[in-house]
Amino acid sequence: MANYTMHMLVCSGTGCKSAESDLITANLEKYVAEANMTDEVQVLKTGCFGFCEKGPVVKILPDNTFYVQVTPDDAEEIVNEHIIKGRKVERLLFVDPKTEKMVSDSKKMDFYKKQLRIALRNCGLIDPDNIDEYIARDGYHALGMALTEMTPQDVIKVVKDSGLRGRGGGGFPTGLKWEIASKNDADQKYVVCNADEGDPGAFMDRSILEGDPHSVVEAMAICGYSMGATIGKVYIRAEYPLAIKRLEKAIEDAREYGLLGKDIMGTGFDFDIELTFGAGAFVCGEETALIHSMEGERGEPTTKPPFPAESGYWGKPTNVNNVETFANVPVILLKGADWFSSIGSEKSKGTKVFALAGKINNVGLIEVPMGTTLREVIYDIGGGIKDGKKFKAVQTGGPSGGCLTVDDLDTPIDYENLIAKGSMMGSGGMIVMDEDDCMPAVAKFYLEFTEEESCGKCTPCRVGTKRLSELLELITDGKGKMEHLDELKRLSRVIKDTALCGLGQTAPNPVLSTMEAFWDEYIAHIKDGRCPAGQCTNLLQYIISEAKCVGCTACVRVCPTNAITGTVKKPHVIDQAKCIKCGACYDKCKFEAISKQ
Amino acid sequence: MSDIKVVIDNKEVLVPSGSTILDATKKAGVHVPTLCHLDLHDTKMVNQAASCRVCVVEVDGRRNLAPSCATPATNGMVVRTNSMRVLEARKTVLELLISDHPKDCLSCAKAGECELQDLAERCGLRQIGITGDAQSTYKKDITRSLIRDMDKCIMCRRCETMCNTVQEVGALSGINRGFNAVISPAFELPMGETVCTHCGQCVAVCPTGALTENDATWEVVQALADPEKVVVVQTAPAVRVAIGEEFGREPGSIVTGQMVTALRQLGFDHVFDTDFAADLTILEEGTELLGRLEAFLGGDAKALPILTSCCPAWVNFIESQFPELIDIPSTAKSPQQMFGAIAKTYFAEKLNIPREKMVVVSVMPCLAKKYEATRKEFSVDGNPDIDIVISTRELGQLIKHANIELTALEETEFDNPLGMSTGAGVIFGTTGGVIEAAVRTAYEVYTKKPLPKIDFEELRGFEGVRVAAVDVDGLMLNIGIAHGLGNARALLTEVRDGNPRNLHAIEVMACPGGCIGGAGQPYHHGNSDIIKKRQAAIYQIDKDMPIRKSHENPAITEIYEAYLGKPMGELSHKLLHTHYHIKDKV
């Protein structure tokens, strides 16, 4: 009989798995077995720790030793040193980029100190494939409580009182949504989990499903009970194979334990869950489009009303919540509405998971109380900007969010504040930009995404986003005119006001917010023919300084278009007509004689 | 339902609960422009895609503008349809649409009938203040009936709603995404290789030039100019009650005599009437009905029901959608094809010319007739029975080209012998008409008694599916009628699944309203009253005819005596009957 005194937790989220974390696990198991310590040391595959920047991660309990960027070859040393000899493997410990000191205990890492993990409570802690581990963490207790001690109205009241709002972007009060669906009578109702995480930078829903699938299964059953639905559907993108596998296993195990299916816990309540796979269209995260896609129709939105709560999947009352929203529910029931509503800001309760990406030191997944400031997120948790560069902006809420600037760093993050700043909560993506990022080019980048992901149904989105990106292309190519700025504004205003669904209504955000905060950059592109960040190649010129050039000819040899000419040991010249701005000469020059202008 | 109070541009109106904002604006006498929206309630065609965003209005308390066509009005709602915000949005949306629309209006088949063009004019658009110039382009697709030029598609989705929801054919749907989104058959197959029935109802509702008929007017001009050819024309019943609209006449105007004069002035050598062939159809189909009825009464349960076979889109539909019922339709050819077969045999022999020397032109309210004429079984050694098919609209064009003012013409009569017809022939143009004509003849032939009352009111109307029992001197015949292919599907499914209502004879017309609502008719632009007025005109013509039963048509009697022998006889069978082919769905 095993009596573990030590646990080795190995991240087996998609990111770390692709860096061979499965092999790390296998090697750890092998060396633990060789040391005859299988009864004392447990090697465990868990969900994502969130610290993806430094994956694969291996965490050792009870002392919270946090090993980063572990390779399969490191397994032997970890077992021999840490497990057998009790000495930490220092070269694998995390080094704080600010203090340049090693931090061993994950609880002392800045990355984790300011986090409050509710939705991610079990990620990186339990084996997602083992239902018993979930149960050991009070799993399915909330469902049991709901079914045996609470009426459906009681459940709705708790969720309403908690102040939980939709984490998929809209921020609609979850309890109210459940209540509306519960009041619409029908012979069949549906609970739908929106796992169509379309924002390319965000992966919290995937991480939850990979790291703690039972929390979603349990919450869906609770929701089904509250609104009178017996069928749950998870709409999940097929490009999330690991999440699908773990969710399928969770559903199967829950059925076996009598936690799904007929007569759950002998209470007479029936509920079961099926999966529907999406093909990865961004717009299918919009709930009406999602429902049409589930029905086998083209994934495109329809006008609301009718809302899904009245007429959703196959015309029946349907409640759609996203993964992160569901993951909050069991804890809310267990700890109470007061506990949850004590966290967060006035109108935004609880926590929010953000996917930190871009020019930030600690790329990864974090969960913080609503109302945390951007500064805390970027500098404390995120470890600041990469390579000591200057922070310029952060784009929140996915491709159609707006850009926030230095002036907004002390803004508490919640639904209202982000909208007031011309951005939105959206999926919780946060892309950090530094001084090297050109804001008109950033706007163009996002517009190209929304233009491509528009379903093409309504005019403003189908044609309007195309026109916006064409205008931005002109500006970043140095062909912009001042009247284009008026046109950008007018188009953005009308698209926001007339587009059919959230995708189109928010698509102009990156344009409007960058124009608002970085107007000078637009002007510089148009009036001066200059890209201040030095990113727009059409506006760039590589110039050789006559004073600095020694005529070594290194640049001549790397130039792919023979644009550089000159005599040996004499200053060279770049023919701008031939130059394709590849930057090869700039990189090659040892004398800093070539400058970007 | 109780009424609700809505304020439209400061004017208070009461509308029934469930009304849209657009309904309320109409009540208030405010004309909000629409584009994608199309409401043909009578035919269950309501396009509420809310995709164009032209009809947006400002609603107090709402964050963004609301599409008035698809937003339910609520009690106390305050709406502004003409604020600066609305005007800017509407103008910008229109500019966006036009920025991605070809500017070849001068040579567009839809010029003058284009709803986008009308809207631009109404909104006073003088320039497109949108810089981007990318155009969404898509390959042109030409079938025997229609042309799909998707560069002109504005994604209103009317065709898709028509094809899928009303006709239930399912040949069209949205494909691709974003700027490249377009309406297309599955797998981007050419329309001609799909389940498309050629009914053309997509063309009838398309607001722009994205879907138009495959125009054959120039072929007609060339044939008329060829001195070697004898050019014969036939006009379908529904044409005479609609062609006047092309010349500014009120819908439902009967212009038969003027149309005949115009055709003569165009240079047709013989101006004949499809109504004659309709009478012939009744003799053949009626005889087949009686034969099958006899077998049915004799115990052969499978001998009935019989389905009418006049409508080529309907024939296409059953061939691809109901292969298991392929033996049920009457084998009688459609009137168009009966006419062609007779013209190129009986009449060509009368003129003593070879069939190759004769050009038979059909003027049809229909686009599927263009396809039907090209079916292999309707030709002899590669020479088709019908050479050219033009629609009512195309005839209008031809007449205009020839500088003829239709409404100013004197009325003249069709030529003989293939121009003589009865009231039974003309009612082929409306839903319920074919079966009524058949019953008039079947009754008298079966009972050998005169009809007590010629008008079978129980078979008339506009309901999508109608079932009535007709008393044939004590024998109750259960008649089913469907117009619109979706309704036909419902009725056919019923027949396939055991025929619980014990239907004996079924008439189907593919187009809503029957041929009067055909896809070749002048555009109705969403006003289904126009179709109803044409229907009234058809019944008026019937009422005014001296002879109203097909078997009493003297020209029909003569052709059987002099040429065909008897209905369903050997020569009739060869010339006037056909067979059907099961078609793959893709």
# chains A, B, ... in the order shown; residues from 1 in each chain; ligands from 1
$ select_by_dssp --residues "region 275-315 of chain B" --states "helix (DSSP H, G or I)" --output "PDB file with N, CA and C atoms, in the first residue's frame"
ATOM      1  N   ASP B 275     -52.540  27.271 -75.051  1.00  0.00           N
ATOM      2  CA  ASP B 275     -53.835  26.822 -74.520  1.00  0.00           C
ATOM      3  C   ASP B 275     -54.409  25.680 -75.352  1.00  0.00           C
ATOM      4  N   PHE B 276     -54.145  25.727 -76.664  1.00  0.00           N
ATOM      5  CA  PHE B 276     -54.586  24.618 -77.516  1.00  0.00           C
ATOM      6  C   PHE B 276     -53.935  23.323 -77.034  1.00  0.00           C
ATOM      7  N   ALA B 277     -52.630  23.384 -76.792  1.00  0.00           N
ATOM      8  CA  ALA B 277     -51.910  22.193 -76.337  1.00  0.00           C
ATOM      9  C   ALA B 277     -52.360  21.786 -74.946  1.00  0.00           C
ATOM     10  N   ALA B 278     -52.806  22.786 -74.162  1.00  0.00           N
ATOM     11  CA  ALA B 278     -53.325  22.456 -72.835  1.00  0.00           C
ATOM     12  C   ALA B 278     -54.593  21.617 -72.974  1.00  0.00           C
ATOM     13  N   ASP B 279     -55.447  22.017 -73.906  1.00  0.00           N
ATOM     14  CA  ASP B 279     -56.650  21.213 -74.155  1.00  0.00           C
ATOM     15  C   ASP B 279     -56.280  19.794 -74.588  1.00  0.00           C
ATOM     16  N   LEU B 280     -55.245  19.714 -75.423  1.00  0.00           N
ATOM     17  CA  LEU B 280     -54.785  18.407 -75.888  1.00  0.00           C
ATOM     18  C   LEU B 280     -54.278  17.580 -74.699  1.00  0.00           C
ATOM     19  N   THR B 281     -53.565  18.264 -73.805  1.00  0.00           N
ATOM     20  CA  THR B 281     -53.049  17.599 -72.603  1.00  0.00           C
ATOM     21  C   THR B 281     -54.190  16.992 -71.803  1.00  0.00           C
ATOM     22  N   ILE B 282     -55.296  17.763 -71.699  1.00  0.00           N
ATOM     23  CA  ILE B 282     -56.433  17.279 -70.913  1.00  0.00           C
ATOM     24  C   ILE B 282     -57.000  16.000 -71.540  1.00  0.00           C
ATOM     25  N   LEU B 283     -57.048  15.965 -72.858  1.00  0.00           N
ATOM     26  CA  LEU B 283     -57.564  14.766 -73.503  1.00  0.00           C
ATOM     27  C   LEU B 283     -56.685  13.557 -73.188  1.00  0.00           C
ATOM     28  N   GLU B 284     -55.381  13.771 -73.259  1.00  0.00           N
ATOM     29  CA  GLU B 284     -54.451  12.669 -73.002  1.00  0.00           C
ATOM     30  C   GLU B 284     -54.406  12.317 -71.514  1.00  0.00           C
ATOM     31  N   GLU B 285     -54.199  13.344 -70.702  1.00  0.00           N
ATOM     32  CA  GLU B 285     -54.051  13.094 -69.265  1.00  0.00           C
ATOM     33  C   GLU B 285     -55.371  12.626 -68.661  1.00  0.00           C
ATOM     34  N   GLY B 286     -56.495  13.236 -69.170  1.00  0.00           N
ATOM     35  CA  GLY B 286     -57.814  12.854 -68.676  1.00  0.00           C
ATOM     36  C   GLY B 286     -58.118  11.403 -69.011  1.00  0.00           C
ATOM     37  N   THR B 287     -57.736  11.001 -70.212  1.00  0.00           N
ATOM     38  CA  THR B 287     -57.972   9.618 -70.606  1.00  0.00           C
ATOM     39  C   THR B 287     -57.128   8.667 -69.763  1.00  0.00           C
ATOM     40  N   GLU B 288     -55.877   9.104 -69.517  1.00  0.00           N
ATOM     41  CA  GLU B 288     -55.005   8.282 -68.667  1.00  0.00           C
ATOM     42  C   GLU B 288     -55.594   8.163 -67.262  1.00  0.00           C
ATOM     43  N   LEU B 289     -56.115   9.300 -66.770  1.00  0.00           N
ATOM     44  CA  LEU B 289     -56.723   9.311 -65.431  1.00  0.00           C
ATOM     45  C   LEU B 289     -57.877   8.323 -65.363  1.00  0.00           C
ATOM     46  N   LEU B 290     -58.734   8.372 -66.393  1.00  0.00           N
ATOM     47  CA  LEU B 290     -59.899   7.481 -66.367  1.00  0.00           C
ATOM     48  C   LEU B 290     -59.474   6.021 -66.445  1.00  0.00           C
ATOM     49  N   GLY B 291     -58.450   5.760 -67.268  1.00  0.00           N
ATOM     50  CA  GLY B 291     -57.943   4.391 -67.376  1.00  0.00           C
ATOM     51  C   GLY B 291     -57.401   3.913 -66.044  1.00  0.00           C
ATOM     52  N   ARG B 292     -56.622   4.779 -65.382  1.00  0.00           N
ATOM     53  CA  ARG B 292     -56.031   4.384 -64.104  1.00  0.00           C
ATOM     54  C   ARG B 292     -57.105   4.293 -63.021  1.00  0.00           C
ATOM     55  N   LEU B 293     -58.138   5.152 -63.135  1.00  0.00           N
ATOM     56  CA  LEU B 293     -59.242   5.099 -62.181  1.00  0.00           C
ATOM     57  C   LEU B 293     -59.971   3.764 -62.299  1.00  0.00           C
ATOM     58  N   GLU B 294     -60.159   3.364 -63.553  1.00  0.00           N
ATOM     59  CA  GLU B 294     -60.836   2.079 -63.794  1.00  0.00           C
ATOM     60  C   GLU B 294     -60.042   0.938 -63.170  1.00  0.00           C
ATOM     61  N   ALA B 295     -58.722   0.958 -63.383  1.00  0.00           N
ATOM     62  CA  ALA B 295     -57.870  -0.080 -62.809  1.00  0.00           C
ATOM     63  C   ALA B 295     -57.924  -0.032 -61.288  1.00  0.00           C
ATOM     64  N   PHE B 296     -57.939   1.187 -60.761  1.00  0.00           N
ATOM     65  CA  PHE B 296     -57.979   1.386 -59.312  1.00  0.00           C
ATOM     66  C   PHE B 296     -59.263   0.807 -58.732  1.00  0.00           C
ATOM     67  N   LEU B 297     -60.375   1.151 -59.406  1.00  0.00           N
ATOM     68  CA  LEU B 297     -61.667   0.645 -58.931  1.00  0.00           C
ATOM     69  C   LEU B 297     -61.751  -0.857 -59.101  1.00  0.00           C
ATOM     70  N   ALA B 301     -54.614  -1.078 -56.396  1.00  0.00           N
ATOM     71  CA  ALA B 301     -54.463   0.062 -55.488  1.00  0.00           C
ATOM     72  C   ALA B 301     -53.363   1.010 -55.939  1.00  0.00           C
ATOM     73  N   LYS B 302     -52.426   0.469 -56.704  1.00  0.00           N
ATOM     74  CA  LYS B 302     -51.290   1.304 -57.100  1.00  0.00           C
ATOM     75  C   LYS B 302     -51.568   2.161 -58.341  1.00  0.00           C
ATOM     76  N   ALA B 303     -52.722   1.971 -58.941  1.00  0.00           N
ATOM     77  CA  ALA B 303     -53.011   2.708 -60.171  1.00  0.00           C
ATOM     78  C   ALA B 303     -53.207   4.196 -59.901  1.00  0.00           C
ATOM     79  N   PRO B 312     -42.354  21.517 -65.655  1.00  0.00           N
ATOM     80  CA  PRO B 312     -41.046  20.878 -65.804  1.00  0.00           C
ATOM     81  C   PRO B 312     -40.192  20.926 -64.535  1.00  0.00           C
ATOM     82  N   ALA B 313     -40.349  21.976 -63.730  1.00  0.00           N
ATOM     83  CA  ALA B 313     -39.577  22.042 -62.489  1.00  0.00           C
ATOM     84  C   ALA B 313     -40.070  20.973 -61.533  1.00  0.00           C
ATOM     85  N   TRP B 314     -41.366  20.782 -61.558  1.00  0.00           N
ATOM     86  CA  TRP B 314     -41.973  19.750 -60.724  1.00  0.00           C
ATOM     87  C   TRP B 314     -41.475  18.365 -61.145  1.00  0.00           C
ATOM     88  N   VAL B 315     -41.387  18.153 -62.462  1.00  0.00           N
ATOM     89  CA  VAL B 315     -40.886  16.871 -62.960  1.00  0.00           C
ATOM     90  C   VAL B 315     -39.435  16.673 -62.488  1.00  0.00           C
TER      91      VAL B 315
END
$ residues_around --residues "Cys511 (chain B)" --least-positions-apart "2" --cutoff "9 Å" --atoms "only C-alpha atoms" --output "ChimeraX atom specification"
/B:167,199-201,313-314,366,431,483-485,509,513-519
$ residues_around --residues "Ala536 (chain B)" --least-positions-apart "6" --cutoff "12 Å" --atoms "only C-alpha atoms" --output "ChimeraX atom specification"
/B:238,241-242,251-254,426-427,429-431,433,460-462,513,516,529-530,542-543
$ write_last_selection --atoms "N, CA and C atoms" --output "PDB file, in the first residue's frame"
ATOM      1  N   ALA B 238     -50.363  31.987 -68.854  1.00  0.00           N
ATOM      2  CA  ALA B 238     -50.075  33.019 -67.839  1.00  0.00           C
ATOM      3  C   ALA B 238     -49.411  34.260 -68.426  1.00  0.00           C
ATOM      4  N   VAL B 241     -51.763  37.519 -69.058  1.00  0.00           N
ATOM      5  CA  VAL B 241     -52.253  38.301 -67.914  1.00  0.00           C
ATOM      6  C   VAL B 241     -51.117  39.029 -67.194  1.00  0.00           C
ATOM      7  N   ALA B 242     -49.907  38.944 -67.750  1.00  0.00           N
ATOM      8  CA  ALA B 242     -48.767  39.576 -67.076  1.00  0.00           C
ATOM      9  C   ALA B 242     -47.954  40.496 -67.975  1.00  0.00           C
ATOM     10  N   PRO B 251     -51.350  45.309 -62.893  1.00  0.00           N
ATOM     11  CA  PRO B 251     -51.295  43.844 -62.766  1.00  0.00           C
ATOM     12  C   PRO B 251     -52.693  43.254 -62.950  1.00  0.00           C
ATOM     13  N   GLY B 252     -52.768  42.152 -63.656  1.00  0.00           N
ATOM     14  CA  GLY B 252     -54.051  41.506 -63.899  1.00  0.00           C
ATOM     15  C   GLY B 252     -54.727  42.008 -65.162  1.00  0.00           C
ATOM     16  N   SER B 253     -54.083  42.921 -65.888  1.00  0.00           N
ATOM     17  CA  SER B 253     -54.662  43.372 -67.163  1.00  0.00           C
ATOM     18  C   SER B 253     -54.578  42.237 -68.179  1.00  0.00           C
ATOM     19  N   ILE B 254     -55.666  42.062 -68.915  1.00  0.00           N
ATOM     20  CA  ILE B 254     -55.691  41.007 -69.927  1.00  0.00           C
ATOM     21  C   ILE B 254     -55.364  41.645 -71.270  1.00  0.00           C
ATOM     22  N   VAL B 426     -56.927  27.826 -70.612  1.00  0.00           N
ATOM     23  CA  VAL B 426     -56.309  29.018 -70.032  1.00  0.00           C
ATOM     24  C   VAL B 426     -56.073  28.874 -68.533  1.00  0.00           C
ATOM     25  N   ILE B 427     -56.947  28.120 -67.845  1.00  0.00           N
ATOM     26  CA  ILE B 427     -56.759  28.033 -66.385  1.00  0.00           C
ATOM     27  C   ILE B 427     -55.549  27.173 -66.014  1.00  0.00           C
ATOM     28  N   GLY B 429     -52.868  28.160 -66.288  1.00  0.00           N
ATOM     29  CA  GLY B 429     -51.904  29.157 -65.816  1.00  0.00           C
ATOM     30  C   GLY B 429     -51.911  29.384 -64.325  1.00  0.00           C
ATOM     31  N   THR B 430     -52.884  28.845 -63.622  1.00  0.00           N
ATOM     32  CA  THR B 430     -52.931  29.091 -62.178  1.00  0.00           C
ATOM     33  C   THR B 430     -52.997  27.786 -61.390  1.00  0.00           C
ATOM     34  N   THR B 431     -52.567  27.872 -60.144  1.00  0.00           N
ATOM     35  CA  THR B 431     -52.675  26.696 -59.277  1.00  0.00           C
ATOM     36  C   THR B 431     -54.134  26.247 -59.229  1.00  0.00           C
ATOM     37  N   GLY B 433     -55.736  24.996 -61.666  1.00  0.00           N
ATOM     38  CA  GLY B 433     -56.355  25.071 -62.984  1.00  0.00           C
ATOM     39  C   GLY B 433     -56.242  23.782 -63.782  1.00  0.00           C
ATOM     40  N   ARG B 460     -60.091  25.948 -56.213  1.00  0.00           N
ATOM     41  CA  ARG B 460     -59.404  27.219 -56.424  1.00  0.00           C
ATOM     42  C   ARG B 460     -58.854  27.795 -55.114  1.00  0.00           C
ATOM     43  N   GLY B 461     -58.059  28.804 -55.252  1.00  0.00           N
ATOM     44  CA  GLY B 461     -57.545  29.461 -54.046  1.00  0.00           C
ATOM     45  C   GLY B 461     -56.052  29.649 -54.105  1.00  0.00           C
ATOM     46  N   PHE B 462     -55.486  30.040 -52.952  1.00  0.00           N
ATOM     47  CA  PHE B 462     -54.065  30.375 -52.897  1.00  0.00           C
ATOM     48  C   PHE B 462     -53.347  29.614 -51.777  1.00  0.00           C
ATOM     49  N   GLY B 513     -48.302  30.097 -56.582  1.00  0.00           N
ATOM     50  CA  GLY B 513     -49.384  30.656 -57.389  1.00  0.00           C
ATOM     51  C   GLY B 513     -49.587  29.909 -58.688  1.00  0.00           C
ATOM     52  N   ILE B 516     -48.658  31.711 -63.111  1.00  0.00           N
ATOM     53  CA  ILE B 516     -48.804  33.164 -62.977  1.00  0.00           C
ATOM     54  C   ILE B 516     -47.707  33.756 -62.099  1.00  0.00           C
ATOM     55  N   ASP B 529     -49.744  40.477 -54.100  1.00  0.00           N
ATOM     56  CA  ASP B 529     -51.056  40.859 -54.652  1.00  0.00           C
ATOM     57  C   ASP B 529     -51.032  40.807 -56.169  1.00  0.00           C
ATOM     58  N   ILE B 530     -49.853  41.106 -56.738  1.00  0.00           N
ATOM     59  CA  ILE B 530     -49.727  41.072 -58.192  1.00  0.00           C
ATOM     60  C   ILE B 530     -50.074  39.673 -58.709  1.00  0.00           C
ATOM     61  N   ASP B 542     -61.314  32.665 -68.553  1.00  0.00           N
ATOM     62  CA  ASP B 542     -62.033  31.385 -68.627  1.00  0.00           C
ATOM     63  C   ASP B 542     -63.539  31.643 -68.684  1.00  0.00           C
ATOM     64  N   LYS B 543     -63.987  32.522 -67.789  1.00  0.00           N
ATOM     65  CA  LYS B 543     -65.412  32.805 -67.668  1.00  0.00           C
ATOM     66  C   LYS B 543     -65.972  33.388 -68.977  1.00  0.00           C
TER      67      LYS B 543
END
$ interface_residues --of "chain A" --to "chain B" --cutoff "10 Å" --atoms "only C-alpha atoms" --output "count of residues only"
50
$ residues_around --residues "Ser104 (chain A)" --least-positions-apart "3" --cutoff "12 Å" --atoms "only C-alpha atoms" --output "PyMOL selection string"
chain A and resi 58-61+63-68+87-96+101+107-110
$ write_last_selection --atoms "N, CA and C atoms" --output "short mmCIF file (atom, residue, chain, number, x, y, z; two decimals), in the first residue's frame"
data_model
loop_
_atom_site.label_atom_id
_atom_site.label_comp_id
_atom_site.auth_asym_id
_atom_site.auth_seq_id
_atom_site.Cartn_x
_atom_site.Cartn_y
_atom_site.Cartn_z
N VAL A 58 7.89 21.01 -13.78
CA VAL A 58 7.71 19.90 -12.83
C VAL A 58 7.70 20.52 -11.44
N LYS A 59 6.64 20.22 -10.70
CA LYS A 59 6.53 20.81 -9.37
C LYS A 59 6.56 19.68 -8.36
N ILE A 60 7.29 19.89 -7.29
CA ILE A 60 7.41 18.83 -6.30
C ILE A 60 6.76 19.25 -4.99
N LEU A 61 5.86 18.42 -4.53
CA LEU A 61 5.17 18.67 -3.26
C LEU A 61 5.82 17.75 -2.21
N ASP A 63 7.12 20.65 -0.82
CA ASP A 63 7.79 21.93 -0.61
C ASP A 63 7.63 22.92 -1.78
N ASN A 64 6.76 22.58 -2.77
CA ASN A 64 6.46 23.52 -3.87
C ASN A 64 7.67 23.88 -4.72
N THR A 65 8.65 22.98 -4.77
CA THR A 65 9.80 23.27 -5.63
C THR A 65 9.34 23.29 -7.08
N PHE A 66 9.75 24.31 -7.77
CA PHE A 66 9.20 24.57 -9.10
C PHE A 66 10.32 24.51 -10.12
N TYR A 67 10.41 23.39 -10.82
CA TYR A 67 11.44 23.25 -11.84
C TYR A 67 10.90 23.68 -13.20
N VAL A 68 11.71 24.44 -13.90
CA VAL A 68 11.24 24.97 -15.20
C VAL A 68 12.12 24.47 -16.33
N ARG A 87 18.52 17.28 -2.27
CA ARG A 87 19.18 18.52 -2.70
C ARG A 87 18.48 19.04 -3.96
N LYS A 88 18.15 20.31 -3.95
CA LYS A 88 17.45 20.88 -5.10
C LYS A 88 18.37 20.98 -6.31
N VAL A 89 17.80 20.76 -7.47
CA VAL A 89 18.59 20.89 -8.70
C VAL A 89 18.56 22.36 -9.10
N GLU A 90 19.54 23.08 -8.70
CA GLU A 90 19.47 24.55 -8.81
C GLU A 90 19.39 25.04 -10.25
N ARG A 91 20.05 24.32 -11.15
CA ARG A 91 20.05 24.82 -12.53
C ARG A 91 18.65 24.78 -13.16
N LEU A 92 17.74 24.04 -12.56
CA LEU A 92 16.38 23.97 -13.12
C LEU A 92 15.41 24.90 -12.39
N LEU A 93 15.89 25.63 -11.41
CA LEU A 93 14.99 26.52 -10.69
C LEU A 93 14.75 27.79 -11.49
N PHE A 94 13.63 28.44 -11.19
CA PHE A 94 13.25 29.66 -11.89
C PHE A 94 14.09 30.84 -11.40
N VAL A 95 14.58 31.62 -12.34
CA VAL A 95 15.32 32.82 -11.96
C VAL A 95 14.44 34.04 -12.25
N ASP A 96 14.17 34.78 -11.22
CA ASP A 96 13.34 35.97 -11.37
C ASP A 96 14.05 36.98 -12.27
N LYS A 101 17.46 36.50 -9.11
CA LYS A 101 17.70 35.51 -8.06
C LYS A 101 16.84 34.28 -8.31
N LYS A 107 5.18 29.36 -4.46
CA LYS A 107 4.32 30.33 -3.77
C LYS A 107 5.02 31.66 -3.58
N LYS A 108 6.34 31.64 -3.71
CA LYS A 108 7.07 32.89 -3.53
C LYS A 108 7.37 33.57 -4.87
N MET A 109 6.95 32.92 -5.94
CA MET A 109 7.19 33.52 -7.25
C MET A 109 6.19 34.66 -7.48
N ASP A 110 6.68 35.78 -8.00
CA ASP A 110 5.79 36.90 -8.29
C ASP A 110 4.64 36.46 -9.19
#
$ residues_around --residues "Ala517 (chain A)" --least-positions-apart "5" --cutoff "9 Å" --atoms "only C-alpha atoms" --output "PyMOL selection string"
chain A and resi 403-405+512
$ residues_around --residues "Gly232 (chain A)" --least-positions-apart "6" --cutoff "12 Å" --atoms "only C-alpha atoms" --output "PyMOL selection string"
chain A and resi 188-194+216-225+251+260-261+270-276+313+318-321
$ closest_residue --among "A:Ile244, A:Asp185, A:Met102, A:Pro412" --to "Glu310 (chain A)" --atoms "only C-alpha atoms"
A:Asp185
$ select_by_dssp --residues "region 31-278 of chain A" --states "strand (DSSP E or B)" --output "number ranges by chain"
A: 41-46, 58-61, 65-67, 93-95, 102-103, 105, 165, 173, 190-195, 231-237, 261-264, 269-278
$ atom_distance --atom1 "CA of Gly426 (chain A)" --atom2 "CA of Lys352 (chain A)"
10.8 Å
$ closest_residue --among "B:Leu35, B:Leu492, B:Ile541, B:Ala343" --to "Leu576 (chain B)" --atoms "only C-alpha atoms"
B:Ala343
$ residues_around --residues "Asp273 (chain B)" --least-positions-apart "2" --cutoff "10 Å" --atoms "only C-alpha atoms" --output "PyMOL selection string"
chain B and resi 233-237+260+270-271+275-278+335-336+339+362-363+414-421+425-426
$ closest_residue --among "A:Asp338, A:Asp434, A:Glu521, A:Glu324" --to "Thr476 (chain A)" --atoms "only C-alpha atoms"
A:Glu521
$ atom_distance --atom1 "CA of Glu416 (chain A)" --atom2 "CA of Asn509 (chain A)"
15.3 Å
